[in-house]
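Quick look at input_32.tsv (TSV, C-alpha atoms):
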```
chain	number	residue	atom	x	y	z
I	1	MET	CA	0.00	0.00	0.00
I	2	LEU	CA	2.76	2.39	1.04
I	3	SER	CA	4.81	1.58	-2.06
I	4	LYS	CA	1.75	2.26	-4.21
I	5	ILE	CA	1.39	5.71	-2.65
I	6	LYS	CA	5.09	6.33	-3.25
I	7	LEU	CA	4.67	5.31	-6.87
I	8	VAL	CA	1.73	7.63	-7.36
I	9	LEU	CA	3.67	10.47	-5.72
I	10	ALA	CA	6.67	9.86	-7.95
I	11	LEU	CA	4.46	9.85	-11.02
I	12	ALA	CA	2.77	13.04	-9.91
I	13	ALA	CA	6.16	14.70	-9.43
I	14	LEU	CA	7.20	13.62	-12.91
I	15	ALA	CA	4.00	14.90	-14.43
I	16	PHE	CA	4.50	18.19	-12.63
I	17	THR	CA	7.99	18.68	-14.06
I	18	PHE	CA	6.78	17.95	-17.55
I	19	ALA	CA	3.91	20.35	-17.11
I	20	LEU	CA	6.46	23.03	-16.21
I	21	GLN	CA	8.30	22.30	-19.43
I	22	THR	CA	5.42	23.42	-21.62
I	23	SER	CA	5.60	26.66	-23.52
I	24	ALA	CA	5.94	30.02	-21.93
I	25	ARG	CA	4.45	32.61	-24.19
I	26	ALA	CA	5.53	36.24	-24.23
I	27	GLN	CA	3.67	39.01	-25.94
I	28	ASP	CA	5.44	42.36	-25.80
I	29	SER	CA	4.13	45.10	-28.00
I	30	MET	CA	6.36	47.60	-29.76
I	31	GLN	CA	7.93	50.34	-27.68
I	32	HIS	CA	6.52	53.75	-28.36
I	33	GLU	CA	7.04	57.29	-27.32
I	34	ASP	CA	3.47	58.43	-27.66
I	35	GLY	CA	1.34	59.07	-24.64
I	36	MET	CA	-1.08	56.26	-25.14
I	37	LYS	CA	1.62	53.70	-24.59
I	38	GLN	CA	3.06	55.48	-21.59
I	39	ASN	CA	-0.17	54.97	-19.70
I	40	ASP	CA	0.19	51.33	-20.45
I	41	GLY	CA	3.44	51.20	-18.53
I	42	MET	CA	5.22	50.19	-21.69
I	43	LYS	CA	7.72	52.99	-21.95
I	44	HIS	CA	11.20	52.13	-20.81
I	45	GLU	CA	13.40	54.89	-19.54
I	46	ASP	CA	16.43	52.69	-19.58
I	47	GLY	CA	17.41	49.09	-19.93
I	48	MET	CA	17.37	48.27	-16.26
I	49	LYS	CA	13.76	49.10	-15.65
I	50	GLN	CA	12.42	46.58	-18.08
I	51	ASP	CA	9.77	44.49	-16.44
I	52	ASP	CA	10.26	40.86	-17.26
I	53	ASN	CA	6.69	39.84	-16.81
I	54	MET	CA	4.98	41.96	-19.40
I	55	LYS	CA	2.40	39.88	-21.13
I	56	HIS	CA	0.08	41.70	-23.42
I	57	GLY	CA	-2.71	40.44	-25.50
I	58	ASP	CA	-3.11	43.61	-27.50
I	59	SER	CA	-1.68	43.89	-30.95
I	60	MET	CA	0.64	46.63	-32.09
I	61	PRO	CA	-0.87	50.04	-32.72
I	62	GLN	CA	-1.59	50.50	-36.39
I	63	GLU	CA	-1.89	54.18	-37.14
I	64	ASN	CA	1.64	55.34	-36.47
I	65	ASN	CA	3.91	57.07	-38.90
I	66	GLY	CA	6.99	55.31	-40.21
I	67	LYS	CA	6.37	51.83	-38.96
I	68	ALA	CA	8.35	49.09	-40.69
I	69	LEU	CA	6.00	46.39	-41.93
I	70	GLU	CA	7.95	43.99	-44.10
I	71	THR	CA	11.48	43.43	-45.26
I	72	GLY	CA	13.53	41.21	-47.53
I	73	THR	CA	16.92	41.00	-49.23
I	74	PHE	CA	17.49	40.98	-52.97
I	75	HIS	CA	18.92	38.06	-54.85
I	76	GLY	CA	19.85	38.14	-58.50
I	77	LYS	CA	23.12	36.69	-59.68
I	78	VAL	CA	22.99	37.34	-63.43
I	79	HIS	CA	22.55	41.06	-62.95
I	80	ASN	CA	24.30	41.21	-59.58
I	81	THR	CA	21.44	42.63	-57.59
I	82	SER	CA	21.79	43.02	-53.83
I	83	GLY	CA	20.47	45.07	-50.97
I	84	ARG	CA	17.42	45.31	-48.80
I	85	ALA	CA	13.82	46.24	-49.49
I	86	THR	CA	11.62	47.41	-46.64
I	87	ILE	CA	8.03	48.57	-46.66
I	88	TYR	CA	7.04	51.27	-44.19
I	89	ARG	CA	3.65	52.62	-43.37
I	90	GLY	CA	3.66	56.39	-43.47
I	91	GLU	CA	1.14	59.10	-42.77
I	92	ASP	CA	-2.46	58.35	-43.68
I	93	GLY	CA	-1.60	54.70	-44.09
I	94	LYS	CA	0.48	55.43	-47.16
I	95	LEU	CA	2.95	52.66	-47.92
I	96	ILE	CA	6.52	53.39	-48.87
I	97	LEU	CA	9.08	50.98	-50.25
I	98	ARG	CA	12.65	51.83	-49.34
I	99	LEU	CA	15.69	50.21	-50.90
I	100	THR	CA	18.90	50.32	-48.87
I	101	ASN	CA	22.45	49.12	-49.56
I	102	PHE	CA	21.03	48.65	-52.99
I	103	LYS	CA	22.95	47.73	-56.10
I	104	THR	CA	21.99	46.32	-59.46
I	105	SER	CA	23.28	46.59	-63.00
I	106	ASN	CA	22.27	49.63	-64.96
I	107	GLY	CA	20.02	48.96	-67.87
I	108	PRO	CA	17.37	50.34	-70.15
I	109	ASP	CA	13.81	50.89	-69.00
I	110	VAL	CA	14.22	49.37	-65.55
I	111	HIS	CA	11.26	49.55	-63.19
I	112	VAL	CA	10.46	48.66	-59.62
I	113	ILE	CA	7.38	46.49	-59.33
I	114	LEU	CA	5.57	44.40	-56.79
I	115	VAL	CA	4.55	40.95	-58.02
I	116	ALA	CA	1.82	38.70	-56.71
I	117	ALA	CA	4.21	35.79	-56.15
I	118	LYS	CA	6.21	34.33	-53.31
I	119	ASP	CA	9.50	34.90	-55.14
I	120	ALA	CA	10.88	35.36	-58.64
I	121	ASP	CA	13.70	33.55	-60.39
I	122	ASP	CA	16.89	35.30	-61.39
I	123	ASP	CA	16.90	36.71	-64.87
I	124	ALA	CA	13.87	34.69	-65.88
I	125	ASN	CA	11.50	36.09	-68.45
I	126	PHE	CA	9.26	35.53	-65.57
I	127	LEU	CA	6.30	37.78	-65.96
I	128	LYS	CA	3.53	35.99	-67.72
I	129	SER	CA	0.77	38.29	-68.79
I	130	SER	CA	-1.32	36.67	-66.09
I	131	THR	CA	1.12	37.58	-63.29
I	132	ARG	CA	-0.40	40.41	-61.35
I	133	ARG	CA	1.91	43.33	-60.70
I	134	VAL	CA	1.93	46.80	-59.23
I	135	GLU	CA	4.12	49.40	-60.85
I	136	LEU	CA	6.04	51.57	-58.38
I	137	GLY	CA	7.98	53.62	-60.90
I	138	LYS	CA	11.15	53.79	-62.90
I	139	LEU	CA	14.26	52.74	-61.02
I	140	LYS	CA	15.77	55.99	-59.78
I	141	GLY	CA	19.33	54.74	-59.72
I	142	ASN	CA	21.12	51.44	-59.97
I	143	GLU	CA	22.96	52.19	-56.74
I	144	GLY	CA	22.04	53.74	-53.44
I	145	ASP	CA	19.14	54.29	-51.06
I	146	GLN	CA	15.82	55.17	-52.63
I	147	ASN	CA	12.13	55.41	-51.81
I	148	TYR	CA	9.07	54.50	-53.83
I	149	GLU	CA	5.45	55.10	-53.07
I	150	VAL	CA	3.22	52.04	-53.07
I	151	PRO	CA	-0.23	52.82	-54.50
I	152	SER	CA	-2.88	52.90	-51.81
I	153	GLY	CA	-5.00	49.82	-51.64
I	154	THR	CA	-2.15	47.48	-52.53
I	155	ASP	CA	-2.69	44.21	-50.71
I	156	LEU	CA	0.70	43.22	-49.31
I	157	THR	CA	-0.54	39.76	-48.43
I	158	LYS	CA	-0.85	39.15	-52.18
I	159	PHE	CA	2.02	41.19	-53.55
I	160	GLN	CA	4.84	39.56	-51.64
I	161	THR	CA	7.86	40.18	-53.84
I	162	VAL	CA	9.73	43.27	-54.96
I	163	SER	CA	11.22	42.88	-58.41
I	164	ILE	CA	13.70	45.02	-60.30
I	165	TYR	CA	12.24	44.55	-63.71
I	166	CYS	CA	13.45	45.42	-67.18
I	167	GLU	CA	10.25	45.98	-69.07
I	168	ARG	CA	11.82	46.04	-72.48
I	169	PHE	CA	13.13	42.51	-72.19
I	170	ASN	CA	10.70	41.16	-69.59
I	171	ALA	CA	13.75	40.31	-67.49
I	172	ASN	CA	13.95	40.14	-63.73
I	173	PHE	CA	17.22	41.75	-62.59
I	174	GLY	CA	16.62	40.82	-58.98
I	175	ALA	CA	13.86	39.94	-56.56
I	176	ALA	CA	13.33	40.40	-52.86
I	177	PRO	CA	10.68	38.23	-51.20
I	178	LEU	CA	9.15	40.21	-48.35
I	179	GLU	CA	8.64	38.89	-44.85
I	180	LYS	CA	6.75	40.39	-41.96
I	181	PHE	CA	8.56	41.65	-38.92
B	1	MET	CA	33.75	52.52	-115.49
B	2	SER	CA	31.71	55.42	-114.25
B	3	THR	CA	28.65	53.22	-113.91
B	4	HIS	CA	30.66	50.77	-111.83
B	5	ILE	CA	31.68	53.53	-109.41
B	6	GLY	CA	28.13	54.77	-109.39
B	7	SER	CA	26.75	51.38	-108.37
B	8	LEU	CA	29.40	51.07	-105.68
B	9	LEU	CA	28.36	54.44	-104.26
B	10	PHE	CA	24.75	53.39	-104.52
B	11	HIS	CA	25.56	50.19	-102.63
B	12	ARG	CA	27.32	52.13	-99.92
B	13	LYS	CA	24.40	54.45	-99.46
B	14	TRP	CA	22.13	51.46	-99.32
B	15	ILE	CA	24.23	49.77	-96.64
B	16	LEU	CA	24.45	52.97	-94.68
B	17	ALA	CA	20.71	53.56	-94.97
B	18	ILE	CA	19.96	50.16	-93.49
B	19	SER	CA	22.71	49.77	-90.93
B	20	LEU	CA	22.36	53.18	-89.32
B	21	PRO	CA	18.76	52.71	-88.14
B	22	VAL	CA	19.59	49.16	-87.08
B	23	LEU	CA	22.52	50.41	-85.03
B	24	ILE	CA	20.44	53.14	-83.47
B	25	ALA	CA	17.66	50.69	-82.65
B	26	ALA	CA	20.15	48.27	-81.11
B	27	TRP	CA	21.70	51.05	-79.07
B	28	TRP	CA	18.28	52.19	-77.86
B	29	ALA	CA	17.27	48.67	-76.92
B	30	PHE	CA	20.41	47.61	-75.09
B	31	ARG	CA	21.93	50.92	-74.04
B	32	PRO	CA	25.37	49.27	-73.77
B	33	GLU	CA	27.00	52.39	-72.34
B	34	LYS	CA	25.04	51.72	-69.15
B	35	LEU	CA	27.41	48.86	-68.45
B	36	TRP	CA	29.96	51.48	-67.46
B	37	ILE	CA	27.77	54.28	-66.27
B	38	ASN	CA	26.32	53.99	-62.79
B	39	GLN	CA	23.49	56.12	-61.59
B	40	LYS	CA	23.86	56.61	-57.89
B	41	VAL	CA	21.09	58.01	-55.73
B	42	ASN	CA	20.97	58.69	-52.03
B	43	GLU	CA	17.50	59.46	-50.75
B	44	ALA	CA	17.01	60.05	-47.06
B	45	ALA	CA	14.91	57.68	-45.01
B	46	PRO	CA	11.31	58.83	-45.28
B	47	PHE	CA	10.62	58.73	-41.56
B	48	ALA	CA	13.81	59.97	-39.98
B	49	SER	CA	11.92	62.13	-37.50
B	50	SER	CA	9.26	59.57	-36.83
B	51	SER	CA	8.10	58.69	-33.33
B	52	GLU	CA	7.97	55.09	-34.49
B	53	PRO	CA	10.96	52.90	-33.65
B	54	GLN	CA	13.10	52.49	-36.74
B	55	PRO	CA	14.69	49.15	-37.60
B	56	LEU	CA	18.49	49.14	-37.67
B	57	TYR	CA	19.35	45.47	-38.07
B	58	THR	CA	17.38	42.35	-38.75
B	59	GLY	CA	17.89	38.66	-39.31
B	60	ARG	CA	16.13	35.32	-39.24
B	61	LEU	CA	16.80	32.88	-36.45
B	62	GLN	CA	18.24	29.51	-37.45
B	63	GLY	CA	17.92	26.53	-35.15
B	64	GLU	CA	21.08	24.93	-33.81
B	65	ALA	CA	20.81	22.53	-30.88
B	66	HIS	CA	17.04	23.04	-30.80
B	67	GLN	CA	14.54	24.03	-33.39
B	68	THR	CA	14.35	27.81	-33.35
B	69	SER	CA	12.66	30.16	-35.75
B	70	GLY	CA	11.49	33.73	-36.06
B	71	ARG	CA	12.89	37.15	-36.74
B	72	ALA	CA	15.22	39.25	-34.61
B	73	THR	CA	15.22	42.99	-35.25
B	74	VAL	CA	17.10	45.75	-33.47
B	75	TYR	CA	15.08	48.96	-33.34
B	76	LYS	CA	16.09	52.43	-32.36
B	77	ALA	CA	13.35	54.14	-30.39
B	78	ALA	CA	12.60	57.84	-30.70
B	79	ASP	CA	14.48	58.53	-27.46
B	80	GLY	CA	17.62	56.97	-28.93
B	81	THR	CA	17.58	53.75	-26.95
B	82	GLU	CA	17.98	50.53	-28.87
B	83	TYR	CA	16.13	47.35	-28.27
B	84	LEU	CA	15.93	43.88	-29.73
B	85	ARG	CA	12.54	42.58	-30.72
B	86	LEU	CA	11.81	38.95	-31.49
B	87	THR	CA	8.76	38.30	-33.66
B	88	ASP	CA	7.16	35.18	-35.02
B	89	PHE	CA	9.42	33.57	-32.48
B	90	SER	CA	9.51	29.99	-31.39
B	91	THR	CA	12.15	27.85	-29.71
B	92	SER	CA	12.04	24.94	-27.32
B	93	ASN	CA	11.58	25.69	-23.68
B	94	GLY	CA	14.53	24.96	-21.47
B	95	PRO	CA	16.34	25.80	-18.28
B	96	ASP	CA	18.29	29.03	-17.87
B	97	VAL	CA	17.86	30.23	-21.45
B	98	HIS	CA	19.25	33.67	-22.25
B	99	VAL	CA	19.29	36.10	-25.12
B	100	LEU	CA	22.79	37.19	-26.08
B	101	LEU	CA	24.49	39.31	-28.67
B	102	GLY	CA	27.56	37.63	-30.11
B	103	ARG	CA	29.77	37.63	-33.13
B	104	ILE	CA	28.69	35.55	-36.11
B	105	GLY	CA	32.33	34.74	-36.86
B	106	ASP	CA	32.95	33.36	-33.37
B	107	ASP	CA	34.46	29.88	-33.61
B	108	ASN	CA	32.53	28.90	-30.50
B	109	LEU	CA	29.33	29.24	-32.48
B	110	LYS	CA	30.39	26.62	-34.99
B	111	GLN	CA	29.28	23.80	-32.71
B	112	GLU	CA	25.92	23.48	-31.04
B	113	ILE	CA	27.61	23.14	-27.66
B	114	VAL	CA	30.00	25.94	-26.79
B	115	LYS	CA	33.32	24.65	-25.47
B	116	GLY	CA	35.28	27.85	-25.03
B	117	GLN	CA	34.36	31.28	-23.77
B	118	LEU	CA	31.60	32.90	-25.78
B	119	ASP	CA	32.32	36.55	-26.49
B	120	SER	CA	28.89	38.01	-25.90
B	121	ILE	CA	26.66	40.69	-24.41
B	122	GLU	CA	23.85	39.54	-22.16
B	123	LEU	CA	20.42	40.95	-22.95
B	124	GLY	CA	18.48	39.02	-20.35
B	125	SER	CA	16.70	35.78	-19.63
B	126	LEU	CA	14.43	34.57	-22.38
B	127	LYS	CA	10.96	35.83	-21.46
B	128	GLY	CA	9.08	33.11	-23.26
B	129	ASN	CA	9.88	30.39	-25.71
B	130	GLN	CA	7.15	31.63	-28.00
B	131	GLY	CA	5.74	34.99	-28.94
B	132	ASP	CA	6.83	38.57	-29.54
B	133	GLN	CA	9.23	40.03	-27.00
B	134	ASN	CA	11.57	42.96	-26.47
B	135	TYR	CA	15.00	43.19	-24.86
B	136	SER	CA	16.94	46.34	-24.16
B	137	VAL	CA	20.29	46.64	-25.87
B	138	PRO	CA	22.89	48.39	-23.70
B	139	PRO	CA	24.03	51.67	-25.28
B	140	SER	CA	27.63	50.49	-25.15
B	141	ALA	CA	26.93	47.52	-27.42
B	142	ASN	CA	28.66	47.84	-30.76
B	143	LEU	CA	26.33	46.14	-33.20
B	144	GLN	CA	28.85	46.36	-36.01
B	145	LYS	CA	30.95	43.95	-34.01
B	146	TYR	CA	28.25	41.97	-32.23
B	147	ASP	CA	26.27	41.02	-35.27
B	148	ALA	CA	24.49	37.90	-34.03
B	149	VAL	CA	21.56	37.21	-31.74
B	150	ILE	CA	22.02	33.98	-29.83
B	151	ILE	CA	19.40	32.04	-27.92
B	152	TYR	CA	21.64	30.32	-25.41
B	153	CYS	CA	21.12	27.82	-22.63
B	154	LYS	CA	23.72	28.79	-20.07
B	155	ARG	CA	23.43	25.69	-17.96
B	156	PHE	CA	24.38	23.33	-20.78
B	157	HIS	CA	26.27	25.81	-22.97
B	158	ALA	CA	23.88	24.93	-25.76
B	159	VAL	CA	23.18	27.27	-28.63
B	160	PHE	CA	19.46	26.93	-29.34
B	161	GLY	CA	19.44	29.30	-32.30
B	162	VAL	CA	21.38	32.07	-33.99
B	163	ALA	CA	20.32	35.02	-36.13
B	164	LYS	CA	22.81	36.95	-38.23
B	165	LEU	CA	21.95	40.62	-38.04
B	166	GLU	CA	22.01	42.54	-41.32
B	167	GLN	CA	21.91	46.27	-41.62
B	168	PHE	CA	19.04	48.21	-43.15
```
Could you take the file, read its structure, and then write that structure out as structure tokens?
Amino acid sequence: MLSKIKLVLALAALAFTFALQTSARAQDSMQHEDGMKQNDGMKHEDGMKQDDNMKHGDSMPQENNGKALETGTFHGKVHNTSGRATIYRGEDGKLILRLTNFKTSNGPDVHVILVAAKDADDDANFLKSSTRRVELGKLKGNEGDQNYEVPSGTDLTKFQTVSIYCERFNANFGAAPLEKF
Amino acid sequence: MSTHIGSLLFHRKWILAISLPVLIAAWWAFRPEKLWINQKVNEAAPFASSSEPQPLYTGRLQGEAHQTSGRATVYKAADGTEYLRLTDFSTSNGPDVHVLLGRIGDDNLKQEIVKGQLDSIELGSLKGNQGDQNYSVPPSANLQKYDAVIIYCKRFHAVFGVAKLEQF
């Protein structure tokens, strides 16, 4: 009888340890300077004051200016395209694509477009007439940081890839698949 | 004789008349001079004065000793402080797990279990093995040098996951 109780106790102890091993979920929201968040106790004056037990169910505030939404790096070997593409949300919900550390080969009639695809192959004549695209404008320069306005109403869940696109030859110089932060 | 010269001249004109437009068309289509001419631009960030934290570095977490995934991004807040934010994050739960900044080139990171002394900056205990979370980055941290985020189990010197930070 006593050994049975011991066994049960041992099992219970084991079960307890395993239960402790299950996931701990954290849910910090972004740190902000605006007043709304200060009331929330979310503003950190310095590193030391950070409260380790902040669990929040609320999602990040949406209507702020200059929030980074998505990012990705360019690949494109044939035309040596590299750099980073990031989409920010600006005032009035306007979306802005910014290219940084950017480099590609110079060429005729090169455009920046968003394509409704997960990714695009290097140098492929990849745009079928059925591929949906959003034109962001002529490439401003083949090197350097640059910004492009994304037309309002563009659904970023569909248009997931930035492509540096030579319209004349239907060639993809480089593509950056975008990922959420 | 004169007719022969005349036909030769006529031929030349003919060749010229055809080849010149072809050459011009080819130049317009390929713009070969652009192979040597770079067009450099340098636009400022659109939201430099924004109250929104701006991303400085980002990278995806790769699992090492344990399956780890998600994105690590270092933001600069409007007050100038920097913090690391993990999003889409998932790793296995474990004892004494910490978030560190390290160097991606560190030989100690080549194995899943660190044998030597890991050159790192402590950011704090891992708050949760899943979910979005923030960690303050000390102002003294040089992120050019410490370009890796490490999810590290101190007790067993196990590297759960590493993210290489890339600049924006």
- [ ] Take atom CA of B:Ala141 and atom CA of B:Ala45 and report the distance between them in Å, one decimal.
- [x]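 If I compute the distance from atom CA of B:Ala141 to atom CA of B:Ala45, I get 23.6 Å.
The two atoms in question, atom CA of I:Ala26 and atom CA of B:Thr68, are spaced 15.2 Å apart.
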TODO: Mind giving me the straight-line distance from atom CA of I:Thr86 to atom CA of I:Ala68 in Å, one decimal?
DONE: 7.0 Å
Task: Among listed residues I:Glu143, I:Asp119, I:Asp92, I:Glu135, nearest chain B (using only C-alpha atoms) - done: I:Glu143
TODO: Quick one: everything within 8 Å of B:Gly59, counting all atoms listed in the file, minus sequence neighbours fewer than 2 positions away in the same chain. Send it as a VMD selection string.
DONE: chain B and resid 57 61 71 to 73 163 to 166
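For the residues I:Asp155, I:Asp28, I:Glu149, I:Asp121, ranking by smallest atom-to-atom distance to I:Gly174 using all atoms listed in the file places I:Asp121 first.
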Task: Interface residues on chain B facing chain I, 7 Å, only C-alpha atoms, written as a ChimeraX atom specification - done: /B:29-31,34-35,38-43,47,50-53,71,78,87,93,127-134,136,138,168
